[in-house]
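Report on the following structure.
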Amino acid sequence: MPDTIMANAPTANANVALRLAEAFARHGVTVTFGQSLPSAFHLAAPHAGIHQAVYRQENMGGAMADAYARISGKVGVVTAQNGPAATLLVAPLAEAMKASVPVIALVQEVTRDTTDKNAFQELDHIRMFDAVSKFTRRIDRADRLEDYVDMAFVAATSGRPGPAVLLLPADLLLEKAAAASNRRANNGSFPLDRTLADPTRIEQAAKLLAEAKNPVILSGGGVHLSFAASELAALQQDAHLPVGTTFMGKGGVAETHPLSLGVVGNTMGPGARSHFARPIIESADVVLLVGNRTNQNGTDSWKLYPRDATFIHIDPDPLEIGRNYEALRLNGDAKLTLAALREAMLRLDLSSRAAARPALEASIAQGVAEYQARVAGLLARDGSPARPERVMAELDRRLPDDAIVVADASYSSNWINLFLTARRPGQRFLTPRGLAGLGWGVPMAIGAQIAAPNSRVVCLCGDGGFGHSWAELETLRRMGIPVTVIVLNNGILGFQKHAEDMKYGDHTIACDFAEVDHAAIARACGISGVRIERGEEIGAALDAAFASNAPNLIEVLTDPEARPPFTMYHGHYPEPY
């Protein structure tokens, strides 16, 4: 609850809260994700042209701000009360930190005269946020307000983007403010400072790729953070280079392009579109990494990438280059550096690359055709329980290429990344892959839809993940956000259960759920909710949901034995077809 000072706040407009709102508006902020506190800020913000998107659960706002930033290219802003609400920002800020997403958290503090006196909900927020932010400051003086606001935005949007935290004592916000600032800088979009990698090294990289026998590009989420998809696609086409993406990099190139390998990493078992691509990657002699963290899932536990290859790595974070694979360092922005690399390659003799292209395209096409034949039965399977692959096939044929698909963590992320098609460079598929926390699908979809109100946004959740975010169905209704939520209800924590059974021959009791009617929950929240039990019912349900242009939920009872084609499952379970 607001403290006494906030409840008795004076009505004068020219206070620090208004100056704070004006400073955020100067950096392009038009929406904040928050509940009541800091109340003084939220009451002042509309006077600066900033509206409030109110979440229900205190751990949901950070995920909304994260997705808003990923889609809009602007800093996402989330607000919270000191104490319990602040602690619930740790997980979403950790996701933003790992996934390099610029989010600023405004956290109310206890009044300055009660600091270190065990005031109500007092906590050492500086220590708490230190590991999950690039920049954390407590603003104790009104005359430093603009300084710290500008530093927070610069920290969030520069270099490798990430979260920043500003701590605001409640009494400071009510102080009478000085005259409005004469600052004009807007540092609220990212990347803030686009830097070009060393031109000499770009020439070296171009030569390596041009002369390679089996080069390959493995692109990560950094391509989207740099809004560099068109540059990556141009390099793919003009330099005749095959491209695979990580989960977060999906959509960096069109997967319909004849030189696209699809999503690569730990999901390349039989039944995956990219199963055929493993030999292409393993035999590569030159590997170009673009905005790629070379993390465990993206490298299949560091077993996929060839150790004897020559690596080239483009990244704005110098510490990521060479973390796991020694590489020619192209420390810079992906958009600028890819464009320069393409120009450098076009100045070279690419005849050998062009000559190799037809055979490579034929090999990729054959691999894709074999995949399509292998999964054709799953993609068309009728009956009950429905298969997730059938759900994805029906969704895939209905999505426009400007749609945004959001998934919760665990199996949901895998279903959209493996069985939906990126049809254009820059198409977005959002998944919480920094920490891969459950429950973030629905709030991320809300943030994405607010950032792109004219795009179709679809959210895929399992029943396990959806259980974390039921309350936000009311948010969808209250704000009129036309997200379609698809809940795959298999009655279990699928990934947990299947992985435990594989590793231990048994699973914990936490993996099995009681019966829950998620469609009824949606209807109780005032939005359409339908339950689908058979594969042949899915298409009509999607058509009705999309035609409504309103928030809705489709619950699909799915096969608990359905598993994405993880390479670690190979040989332990019957293949997922």
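Convention: chains lettered A, B, ... in structure tokens order; per-chain residue numbering from 1; ligands numbered from 1 as shown.
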Counting only C-alpha atoms, which residues of stretch 30-85 of chain A fall within 9 Å of stretch 104-123 of chain A, and what is the closest atom pair for each with its distance in Å at one decimal, ordered by chain and rising number, as JSON lines?
{"residue": "A:Leu37", "atom": "CA", "partner": "A:Gln108", "partner_atom": "CA", "distance": 6.7}
{"residue": "A:Pro38", "atom": "CA", "partner": "A:Gln108", "partner_atom": "CA", "distance": 5.4}
{"residue": "A:Ser39", "atom": "CA", "partner": "A:Gln108", "partner_atom": "CA", "distance": 9.0}
{"residue": "A:Gly62", "atom": "CA", "partner": "A:Ala105", "partner_atom": "CA", "distance": 8.1}
{"residue": "A:Ala65", "atom": "CA", "partner": "A:Ile104", "partner_atom": "CA", "distance": 8.5}
{"residue": "A:Val75", "atom": "CA", "partner": "A:Ile104", "partner_atom": "CA", "distance": 6.9}
{"residue": "A:Gly76", "atom": "CA", "partner": "A:Ile104", "partner_atom": "CA", "distance": 6.3}
{"residue": "A:Val77", "atom": "CA", "partner": "A:Ile104", "partner_atom": "CA", "distance": 4.9}
{"residue": "A:Val78", "atom": "CA", "partner": "A:Ala105", "partner_atom": "CA", "distance": 4.9}
{"residue": "A:Thr79", "atom": "CA", "partner": "A:Leu106", "partner_atom": "CA", "distance": 4.6}
{"residue": "A:Ala80", "atom": "CA", "partner": "A:Val107", "partner_atom": "CA", "distance": 4.9}
{"residue": "A:Gln81", "atom": "CA", "partner": "A:Gln108", "partner_atom": "CA", "distance": 5.1}
{"residue": "A:Asn82", "atom": "CA", "partner": "A:Gln108", "partner_atom": "CA", "distance": 5.1}
{"residue": "A:Gly83", "atom": "CA", "partner": "A:Gln121", "partner_atom": "CA", "distance": 4.6}
{"residue": "A:Pro84", "atom": "CA", "partner": "A:Gln121", "partner_atom": "CA", "distance": 7.3}
{"residue": "A:Ala85", "atom": "CA", "partner": "A:Val107", "partner_atom": "CA", "distance": 8.8}
From stretch 129-322 of chain A, collect each residue whose DSSP state is alpha helix (DSSP H) and return the set as a VMD selection string. chain A and resid 129 145 to 157 170 to 173 199 to 211 222 to 225 229 to 238 278 to 282
I'd like the contact shell of stretch 424-434 of chain A - 9 Å cut-off, only C-alpha atoms, skipping same-chain residues fewer than 4 positions apart - returned as a CSV table (one decimal) with all heavy atoms, in the first residue's frame.
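Dumped to result.csv:
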chain,number,residue,atom,x,y,z
A,63,ALA,N,8.4,-8.8,-17.7
A,63,ALA,CA,8.4,-9.6,-19.0
A,63,ALA,C,7.7,-8.8,-20.0
A,63,ALA,O,8.0,-8.8,-21.2
A,63,ALA,CB,7.7,-10.9,-18.7
A,67,ALA,N,9.5,-7.6,-23.7
A,67,ALA,CA,9.0,-7.9,-25.0
A,67,ALA,C,8.7,-6.6,-25.8
A,67,ALA,O,8.9,-6.5,-27.0
A,67,ALA,CB,7.7,-8.8,-25.0
A,70,ARG,N,11.9,-5.5,-27.2
A,70,ARG,CA,12.4,-6.3,-28.3
A,70,ARG,C,11.7,-5.9,-29.6
A,70,ARG,O,12.3,-5.9,-30.7
A,70,ARG,CB,12.2,-7.8,-28.0
A,70,ARG,CG,13.0,-8.3,-26.8
A,70,ARG,CD,12.9,-9.8,-26.8
A,70,ARG,NE,13.2,-10.3,-25.4
A,70,ARG,CZ,13.5,-11.6,-25.2
A,70,ARG,NH1,13.6,-12.5,-26.1
A,70,ARG,NH2,13.8,-12.0,-23.9
A,71,ILE,N,10.4,-5.6,-29.5
A,71,ILE,CA,9.7,-5.3,-30.7
A,71,ILE,C,9.8,-3.9,-31.1
A,71,ILE,O,9.9,-3.5,-32.3
A,71,ILE,CB,8.2,-5.7,-30.5
A,71,ILE,CG1,8.1,-7.2,-30.3
A,71,ILE,CG2,7.3,-5.3,-31.7
A,71,ILE,CD1,8.6,-8.1,-31.5
A,94,ALA,N,16.8,-10.5,-14.8
A,94,ALA,CA,17.9,-11.4,-15.1
A,94,ALA,C,17.7,-12.0,-16.6
A,94,ALA,O,18.7,-12.1,-17.3
A,94,ALA,CB,17.8,-12.6,-14.1
A,95,GLU,N,16.5,-12.2,-17.0
A,95,GLU,CA,16.2,-12.6,-18.4
A,95,GLU,C,16.7,-11.5,-19.3
A,95,GLU,O,17.4,-11.8,-20.3
A,95,GLU,CB,14.7,-12.8,-18.6
A,95,GLU,CG,14.3,-12.9,-20.0
A,95,GLU,CD,14.7,-14.2,-20.8
A,95,GLU,OE1,15.0,-15.2,-20.1
A,95,GLU,OE2,14.8,-14.2,-22.0
A,96,ALA,N,16.4,-10.2,-19.0
A,96,ALA,CA,16.8,-9.1,-19.9
A,96,ALA,C,18.3,-9.0,-19.9
A,96,ALA,O,18.9,-8.6,-20.9
A,96,ALA,CB,16.1,-7.8,-19.4
A,97,MET,N,18.9,-9.2,-18.8
A,97,MET,CA,20.4,-9.2,-18.7
A,97,MET,C,21.0,-10.2,-19.6
A,97,MET,O,21.9,-9.9,-20.3
A,97,MET,CB,20.8,-9.3,-17.2
A,97,MET,CG,22.3,-9.1,-17.0
A,97,MET,SD,22.7,-7.3,-17.0
A,97,MET,CE,24.4,-7.3,-16.4
A,98,LYS,N,20.6,-11.5,-19.5
A,98,LYS,CA,21.2,-12.5,-20.2
A,98,LYS,C,20.8,-12.4,-21.7
A,98,LYS,O,21.6,-12.8,-22.6
A,98,LYS,CB,20.6,-13.9,-19.7
A,98,LYS,CG,21.1,-14.2,-18.3
A,98,LYS,CD,22.6,-14.5,-18.2
A,98,LYS,CE,22.9,-15.9,-18.8
A,98,LYS,NZ,24.3,-16.3,-18.6
A,99,ALA,N,19.6,-11.9,-22.0
A,99,ALA,CA,19.2,-11.8,-23.4
A,99,ALA,C,19.5,-10.4,-24.0
A,99,ALA,O,19.2,-10.2,-25.2
A,99,ALA,CB,17.7,-12.0,-23.5
A,100,SER,N,20.2,-9.6,-23.3
A,100,SER,CA,20.6,-8.2,-23.8
A,100,SER,C,19.5,-7.4,-24.2
A,100,SER,O,19.5,-6.8,-25.3
A,100,SER,CB,21.6,-8.4,-24.9
A,100,SER,OG,22.7,-9.3,-24.6
A,223,VAL,N,21.2,-10.3,-33.9
A,223,VAL,CA,20.8,-9.8,-35.2
A,223,VAL,C,19.5,-9.0,-35.1
A,223,VAL,O,19.4,-7.9,-35.6
A,223,VAL,CB,20.6,-10.9,-36.3
A,223,VAL,CG1,19.9,-10.4,-37.5
A,223,VAL,CG2,22.0,-11.5,-36.7
A,224,HIS,N,18.6,-9.5,-34.3
A,224,HIS,CA,17.4,-8.8,-34.0
A,224,HIS,C,17.6,-7.5,-33.1
A,224,HIS,O,17.0,-6.5,-33.3
A,224,HIS,CB,16.3,-9.7,-33.3
A,224,HIS,CG,15.8,-10.7,-34.3
A,224,HIS,ND1,15.2,-10.5,-35.5
A,224,HIS,CD2,15.8,-12.1,-34.1
A,224,HIS,CE1,14.9,-11.6,-36.0
A,224,HIS,NE2,15.2,-12.6,-35.3
A,227,PHE,N,18.7,-5.0,-35.3
A,227,PHE,CA,17.8,-4.8,-36.4
A,227,PHE,C,18.6,-4.9,-37.7
A,227,PHE,O,18.5,-4.1,-38.6
A,227,PHE,CB,17.1,-3.4,-36.3
A,227,PHE,CG,16.2,-3.3,-35.0
A,227,PHE,CD1,16.7,-2.9,-33.8
A,227,PHE,CD2,14.9,-3.8,-35.1
A,227,PHE,CE1,15.9,-2.8,-32.7
A,227,PHE,CE2,14.1,-3.7,-33.9
A,227,PHE,CZ,14.6,-3.2,-32.7
A,228,ALA,N,19.3,-6.0,-37.8
A,228,ALA,CA,20.2,-6.2,-38.9
A,228,ALA,C,19.8,-7.4,-39.8
A,228,ALA,O,20.6,-7.9,-40.6
A,228,ALA,CB,21.6,-6.5,-38.3
A,229,ALA,N,18.5,-7.7,-39.8
A,229,ALA,CA,18.1,-8.9,-40.6
A,229,ALA,C,18.3,-8.6,-42.1
A,229,ALA,O,18.7,-9.6,-42.8
A,229,ALA,CB,16.6,-9.2,-40.2
A,230,SER,N,18.0,-7.5,-42.5
A,230,SER,CA,18.1,-7.2,-44.0
A,230,SER,C,19.6,-7.3,-44.4
A,230,SER,O,19.9,-7.8,-45.5
A,230,SER,CB,17.6,-5.8,-44.3
A,230,SER,OG,18.2,-4.8,-43.6
A,232,LEU,N,21.9,-9.2,-42.9
A,232,LEU,CA,22.3,-10.6,-42.9
A,232,LEU,C,21.7,-11.3,-44.1
A,232,LEU,O,22.4,-12.1,-44.8
A,232,LEU,CB,21.7,-11.3,-41.6
A,232,LEU,CG,21.9,-12.8,-41.5
A,232,LEU,CD1,23.4,-13.1,-41.5
A,232,LEU,CD2,21.2,-13.3,-40.2
A,233,ALA,N,20.5,-11.0,-44.5
A,233,ALA,CA,19.9,-11.7,-45.7
A,233,ALA,C,20.6,-11.3,-46.9
A,233,ALA,O,20.8,-12.1,-47.8
A,233,ALA,CB,18.4,-11.3,-45.8
A,247,PHE,N,17.7,-20.2,-31.4
A,247,PHE,CA,16.3,-19.9,-31.1
A,247,PHE,C,16.0,-18.4,-31.1
A,247,PHE,O,15.1,-18.0,-31.7
A,247,PHE,CB,16.0,-20.4,-29.7
A,247,PHE,CG,15.4,-21.8,-29.6
A,247,PHE,CD1,16.0,-22.8,-30.5
A,247,PHE,CD2,14.4,-22.2,-28.8
A,247,PHE,CE1,15.5,-24.1,-30.5
A,247,PHE,CE2,13.9,-23.5,-28.7
A,247,PHE,CZ,14.4,-24.4,-29.6
A,248,MET,N,16.9,-17.6,-30.4
A,248,MET,CA,16.6,-16.2,-30.4
A,248,MET,C,16.9,-15.5,-31.7
A,248,MET,O,16.4,-14.4,-32.0
A,248,MET,CB,17.4,-15.6,-29.3
A,248,MET,CG,16.9,-16.0,-27.9
A,248,MET,SD,17.6,-15.0,-26.5
A,248,MET,CE,17.0,-13.4,-26.8
A,249,GLY,N,17.7,-16.2,-32.6
A,249,GLY,CA,18.0,-15.6,-33.9
A,249,GLY,C,16.9,-16.0,-34.9
A,249,GLY,O,17.0,-15.5,-36.1
A,250,LYS,N,16.0,-16.8,-34.6
A,250,LYS,CA,15.0,-17.3,-35.6
A,250,LYS,C,14.3,-16.0,-36.2
A,250,LYS,O,13.9,-15.1,-35.5
A,250,LYS,CB,13.9,-18.2,-35.0
A,250,LYS,CG,12.9,-18.7,-36.0
A,250,LYS,CD,11.9,-19.6,-35.3
A,250,LYS,CE,10.8,-20.0,-36.3
A,250,LYS,NZ,11.2,-21.1,-37.2
A,251,GLY,N,14.2,-16.0,-37.5
A,251,GLY,CA,13.6,-14.9,-38.3
A,251,GLY,C,14.7,-13.9,-38.7
A,251,GLY,O,14.4,-13.0,-39.5
A,252,GLY,N,16.0,-14.2,-38.4
A,252,GLY,CA,17.0,-13.3,-38.9
A,252,GLY,C,17.1,-13.4,-40.4
A,252,GLY,O,17.5,-12.5,-41.1
A,253,VAL,N,16.8,-14.6,-41.0
A,253,VAL,CA,16.7,-14.8,-42.4
A,253,VAL,C,15.4,-15.5,-42.7
A,253,VAL,O,14.9,-16.2,-41.8
A,253,VAL,CB,17.9,-15.6,-43.0
A,253,VAL,CG1,19.2,-14.8,-42.9
A,253,VAL,CG2,18.1,-16.9,-42.3
A,254,ALA,N,15.0,-15.5,-43.9
A,254,ALA,CA,13.8,-16.2,-44.3
A,254,ALA,C,14.1,-17.7,-44.3
A,254,ALA,O,15.1,-18.1,-45.0
A,254,ALA,CB,13.2,-15.8,-45.6
A,255,GLU,N,13.4,-18.5,-43.7
A,255,GLU,CA,13.7,-20.0,-43.7
A,255,GLU,C,13.2,-20.6,-45.0
A,255,GLU,O,13.5,-21.8,-45.3
A,255,GLU,CB,13.0,-20.7,-42.5
A,255,GLU,CG,13.7,-20.3,-41.2
A,255,GLU,CD,12.9,-20.8,-40.0
A,255,GLU,OE1,11.7,-21.1,-40.1
A,255,GLU,OE2,13.6,-20.9,-38.9
A,256,THR,N,12.5,-19.8,-45.9
A,256,THR,CA,12.2,-20.3,-47.2
A,256,THR,C,13.3,-20.1,-48.2
A,256,THR,O,13.2,-20.5,-49.4
A,256,THR,CB,10.9,-19.5,-47.7
A,256,THR,OG1,11.1,-18.1,-47.6
A,256,THR,CG2,9.7,-19.9,-46.9
A,257,HIS,N,14.3,-19.4,-47.8
A,257,HIS,CA,15.5,-19.1,-48.7
A,257,HIS,C,16.2,-20.4,-48.9
A,257,HIS,O,16.4,-21.2,-48.0
A,257,HIS,CB,16.4,-18.1,-48.1
A,257,HIS,CG,17.5,-17.6,-49.0
A,257,HIS,ND1,18.6,-18.3,-49.3
A,257,HIS,CD2,17.6,-16.4,-49.7
A,257,HIS,CE1,19.4,-17.6,-50.2
A,257,HIS,NE2,18.7,-16.5,-50.4
A,401,ASP,N,3.2,-12.8,-42.7
A,401,ASP,CA,4.6,-12.7,-42.4
A,401,ASP,C,5.0,-11.6,-41.5
A,401,ASP,O,6.2,-11.4,-41.2
A,401,ASP,CB,5.4,-12.7,-43.7
A,401,ASP,CG,5.2,-11.5,-44.6
A,401,ASP,OD1,4.6,-10.6,-44.2
A,401,ASP,OD2,5.7,-11.5,-45.7
A,402,ASP,N,4.1,-10.7,-41.1
A,402,ASP,CA,4.4,-9.7,-40.2
A,402,ASP,C,3.8,-10.0,-38.8
A,402,ASP,O,3.8,-9.2,-37.9
A,402,ASP,CB,3.8,-8.3,-40.6
A,402,ASP,CG,2.3,-8.3,-40.7
A,402,ASP,OD1,1.7,-9.4,-40.7
A,402,ASP,OD2,1.7,-7.2,-40.8
A,403,ALA,N,3.3,-11.3,-38.6
A,403,ALA,CA,2.8,-11.7,-37.3
A,403,ALA,C,4.0,-11.9,-36.3
A,403,ALA,O,5.2,-12.1,-36.7
A,403,ALA,CB,2.1,-13.1,-37.5
A,404,ILE,N,3.7,-11.7,-35.1
A,404,ILE,CA,4.6,-12.0,-34.0
A,404,ILE,C,4.1,-13.1,-33.2
A,404,ILE,O,3.0,-13.1,-32.7
A,404,ILE,CB,4.7,-10.7,-33.1
A,404,ILE,CG1,5.2,-9.5,-33.9
A,404,ILE,CG2,5.7,-11.0,-31.9
A,404,ILE,CD1,5.1,-8.2,-33.2
A,405,VAL,N,5.0,-14.1,-33.0
A,405,VAL,CA,4.6,-15.3,-32.3
A,405,VAL,C,5.5,-15.3,-31.0
A,405,VAL,O,6.7,-15.2,-31.1
A,405,VAL,CB,4.8,-16.6,-33.1
A,405,VAL,CG1,4.3,-17.8,-32.3
A,405,VAL,CG2,4.0,-16.5,-34.4
A,406,VAL,N,4.8,-15.5,-29.9
A,406,VAL,CA,5.5,-15.5,-28.6
A,406,VAL,C,5.2,-16.8,-27.9
A,406,VAL,O,4.1,-17.4,-28.0
A,406,VAL,CB,4.9,-14.4,-27.7
A,406,VAL,CG1,5.7,-14.3,-26.3
A,406,VAL,CG2,5.0,-13.0,-28.4
A,407,ALA,N,6.2,-17.4,-27.3
A,407,ALA,CA,6.1,-18.7,-26.6
A,407,ALA,C,6.6,-18.6,-25.2
A,407,ALA,O,7.6,-17.8,-24.9
A,407,ALA,CB,6.8,-19.8,-27.4
A,408,ASP,N,6.0,-19.4,-24.4
A,408,ASP,CA,6.6,-19.6,-23.0
A,408,ASP,C,7.8,-20.4,-23.2
A,408,ASP,O,8.2,-20.9,-24.3
A,408,ASP,CB,5.5,-20.3,-22.2
A,408,ASP,CG,5.5,-19.8,-20.7
A,408,ASP,OD1,6.7,-19.6,-20.2
A,408,ASP,OD2,4.5,-19.6,-20.2
A,409,ALA,N,8.5,-20.6,-22.1
A,409,ALA,CA,9.7,-21.4,-22.1
A,409,ALA,C,9.3,-22.9,-22.2
A,409,ALA,O,8.2,-23.3,-22.3
A,409,ALA,CB,10.5,-21.2,-20.8
A,412,SER,N,7.1,-25.2,-25.3
A,412,SER,CA,6.4,-24.2,-26.2
A,412,SER,C,7.4,-23.5,-27.1
A,412,SER,O,7.1,-23.3,-28.3
A,412,SER,CB,5.6,-23.2,-25.3
A,412,SER,OG,4.6,-23.9,-24.6
A,413,SER,N,8.5,-23.1,-26.6
A,413,SER,CA,9.5,-22.4,-27.4
A,413,SER,C,10.0,-23.3,-28.5
A,413,SER,O,10.2,-22.8,-29.6
A,413,SER,CB,10.7,-22.0,-26.5
A,413,SER,OG,10.4,-21.1,-25.5
A,416,ILE,N,7.3,-23.6,-31.5
A,416,ILE,CA,7.2,-22.5,-32.5
A,416,ILE,C,8.5,-22.4,-33.3
A,416,ILE,O,8.4,-22.1,-34.5
A,416,ILE,CB,6.8,-21.2,-31.8
A,416,ILE,CG1,8.0,-20.6,-31.0
A,416,ILE,CG2,5.6,-21.3,-31.0
A,416,ILE,CD1,7.8,-19.1,-30.7
A,417,ASN,N,9.6,-22.7,-32.7
A,417,ASN,CA,10.9,-22.5,-33.4
A,417,ASN,C,11.1,-23.6,-34.4
A,417,ASN,O,11.8,-23.4,-35.5
A,417,ASN,CB,12.0,-22.4,-32.4
A,417,ASN,CG,12.2,-21.0,-31.9
A,417,ASN,OD1,12.5,-20.1,-32.7
A,417,ASN,ND2,12.1,-20.8,-30.6
A,438,LEU,N,9.5,-20.2,-16.8
A,438,LEU,CA,8.1,-20.5,-17.1
A,438,LEU,C,7.2,-19.3,-16.7
A,438,LEU,O,7.5,-18.6,-15.8
A,438,LEU,CB,7.6,-21.7,-16.4
A,438,LEU,CG,8.0,-23.1,-17.0
A,438,LEU,CD1,7.5,-24.2,-16.1
A,438,LEU,CD2,7.4,-23.2,-18.4
A,440,TRP,N,6.3,-16.6,-18.7
A,440,TRP,CA,6.5,-15.3,-19.3
A,440,TRP,C,5.9,-15.2,-20.7
A,440,TRP,O,6.0,-14.1,-21.3
A,440,TRP,CB,8.0,-15.1,-19.4
A,440,TRP,CG,8.6,-14.9,-18.0
A,440,TRP,CD1,8.0,-14.6,-16.9
A,440,TRP,CD2,10.0,-14.9,-17.7
A,440,TRP,NE1,8.9,-14.5,-15.8
A,440,TRP,CE2,10.1,-14.7,-16.3
A,440,TRP,CE3,11.2,-15.2,-18.4
A,440,TRP,CZ2,11.3,-14.7,-15.6
A,440,TRP,CZ3,12.4,-15.2,-17.7
A,440,TRP,CH2,12.5,-14.9,-16.3
A,441,GLY,N,5.3,-16.3,-21.2
A,441,GLY,CA,4.7,-16.2,-22.5
A,441,GLY,C,3.6,-15.1,-22.6
A,441,GLY,O,3.6,-14.3,-23.5
A,444,MET,N,4.8,-11.5,-22.1
A,444,MET,CA,5.6,-11.0,-23.2
A,444,MET,C,4.7,-10.8,-24.5
A,444,MET,O,4.9,-9.8,-25.2
A,444,MET,CB,6.6,-12.1,-23.6
A,444,MET,CG,7.8,-12.2,-22.6
A,444,MET,SD,9.1,-13.3,-23.1
A,444,MET,CE,9.9,-12.4,-24.3
A,445,ALA,N,3.7,-11.5,-24.6
A,445,ALA,CA,2.7,-11.3,-25.7
A,445,ALA,C,2.0,-10.0,-25.5
A,445,ALA,O,1.8,-9.2,-26.5
A,445,ALA,CB,1.7,-12.4,-25.8
A,448,ALA,N,4.5,-7.3,-26.5
A,448,ALA,CA,4.7,-7.2,-27.9
A,448,ALA,C,3.5,-6.6,-28.6
A,448,ALA,O,3.7,-5.8,-29.6
A,448,ALA,CB,4.9,-8.6,-28.4
What residues in stretch 314-558 of chain A get the DSSP label strand (DSSP E)? Please answer as number ranges by chain. A: 314-315, 327-331, 404-407, 428-430, 457-462, 484-489, 528-532, 552-557
So the first atom is atom CA of A:Asp315 and the second is atom CA of A:Leu241; what is the distance between them in Å, to one decimal place?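 Calculated distance between atom CA of A:Asp315 and atom CA of A:Leu241 is 19.1 Å.
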Using only C-alpha atoms, determine which residues lie at most 8 Å from A:Met502, disregarding the query and same-chain residues fewer than 4 positions distant; provide the list as a VMD selection string. chain A and resid 498 506 569 572
Write a file of the just-selected residues containing N, CA and C atoms, as a PDB file, in the first residue's frame.
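The resulting file, selection_16.pdb, is reproduced below:
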ATOM      1  N   HIS A 498       9.708 -35.771 -19.042  1.00  0.00           N
ATOM      2  CA  HIS A 498      10.430 -36.592 -20.022  1.00  0.00           C
ATOM      3  C   HIS A 498      11.923 -36.615 -19.738  1.00  0.00           C
ATOM      4  N   ASP A 506      12.504 -42.476 -13.742  1.00  0.00           N
ATOM      5  CA  ASP A 506      11.314 -42.134 -12.973  1.00  0.00           C
ATOM      6  C   ASP A 506      11.212 -40.619 -12.923  1.00  0.00           C
ATOM      7  N   TYR A 569      17.224 -36.787 -26.665  1.00  0.00           N
ATOM      8  CA  TYR A 569      16.212 -37.838 -26.581  1.00  0.00           C
ATOM      9  C   TYR A 569      16.494 -38.988 -27.535  1.00  0.00           C
ATOM     10  N   HIS A 572      16.566 -42.776 -26.678  1.00  0.00           N
ATOM     11  CA  HIS A 572      15.931 -43.018 -25.379  1.00  0.00           C
ATOM     12  C   HIS A 572      14.419 -43.183 -25.503  1.00  0.00           C
TER      13      HIS A 572
END
Using atom CA of A:Ala562 and atom CA of A:Asn292 as the two end points, give the distance in Å to one decimal. 29.4 Å
Can you list every residue of stretch 422-518 of chain A that has an atom at most 10 Å from stretch 527-546 of chain A, with its nearest atom pair and the distance in Å to one decimal, using only C-alpha atoms, ordered by chain then number, as a tab-separated table?
residue	atom	partner	partner_atom	distance
A:Arg456	CA	A:Phe546	CA	8.3
A:Val457	CA	A:Phe546	CA	9.9
A:Val458	CA	A:Phe546	CA	9.5
A:Leu473	CA	A:Ile527	CA	7.7
A:Glu474	CA	A:Ile527	CA	8.2
A:Leu476	CA	A:Ile527	CA	8.2
A:Arg477	CA	A:Ile527	CA	6.3
A:Arg478	CA	A:Ile527	CA	9.9
A:Gly480	CA	A:Ile527	CA	9.8
A:Pro482	CA	A:Phe546	CA	8.8
A:Val483	CA	A:Phe546	CA	9.1
A:Thr484	CA	A:Ala545	CA	6.8
A:Val485	CA	A:Gly529	CA	9.4
A:Ile486	CA	A:Leu542	CA	9.3
A:Val487	CA	A:Arg531	CA	9.4
A:Leu488	CA	A:Ile532	CA	9.8
A:Asn489	CA	A:Arg531	CA	9.8
A:Asp517	CA	A:Arg531	CA	8.1
A:His518	CA	A:Gly529	CA	7.8
Between A:Phe24, A:Trp302, A:Phe495, A:Phe466, which is the closest to A:Glu555 once you count only C-alpha atoms?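 Checking each of A:Phe24, A:Trp302, A:Phe495, A:Phe466 against A:Glu555, counting only C-alpha atoms, the winner is A:Phe466.
Distances to A:Phe311 were evaluated for A:Leu173, A:Ser274, A:Leu208, A:Asn295 using only C-alpha atoms, and the minimum falls at A:Leu208.
Picture a line from atom CA of A:Pro161 to atom CA of A:Pro102; it runs 5.2 Å.
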Just the residues within 8 Å of stretch 507-509 of chain A, please, counting only C-alpha atoms, with nothing from its chain fewer than 6 positions along; format it as number ranges by chain. A: 497-498, 500-501
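In terms of minimum interatomic distance to A:Arg398, A:Ala547 ranks closest within A:Ala547, A:Ile492, A:Cys525, A:Leu20, counting only C-alpha atoms.
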Find the residues around stretch 375-379 of chain A up to 9 Å (only C-alpha atoms counted), leave out those fewer than 2 positions away in its own chain, and share them as a ChimeraX atom specification. /A:271-272,370-373,381-382,387-394,576-577
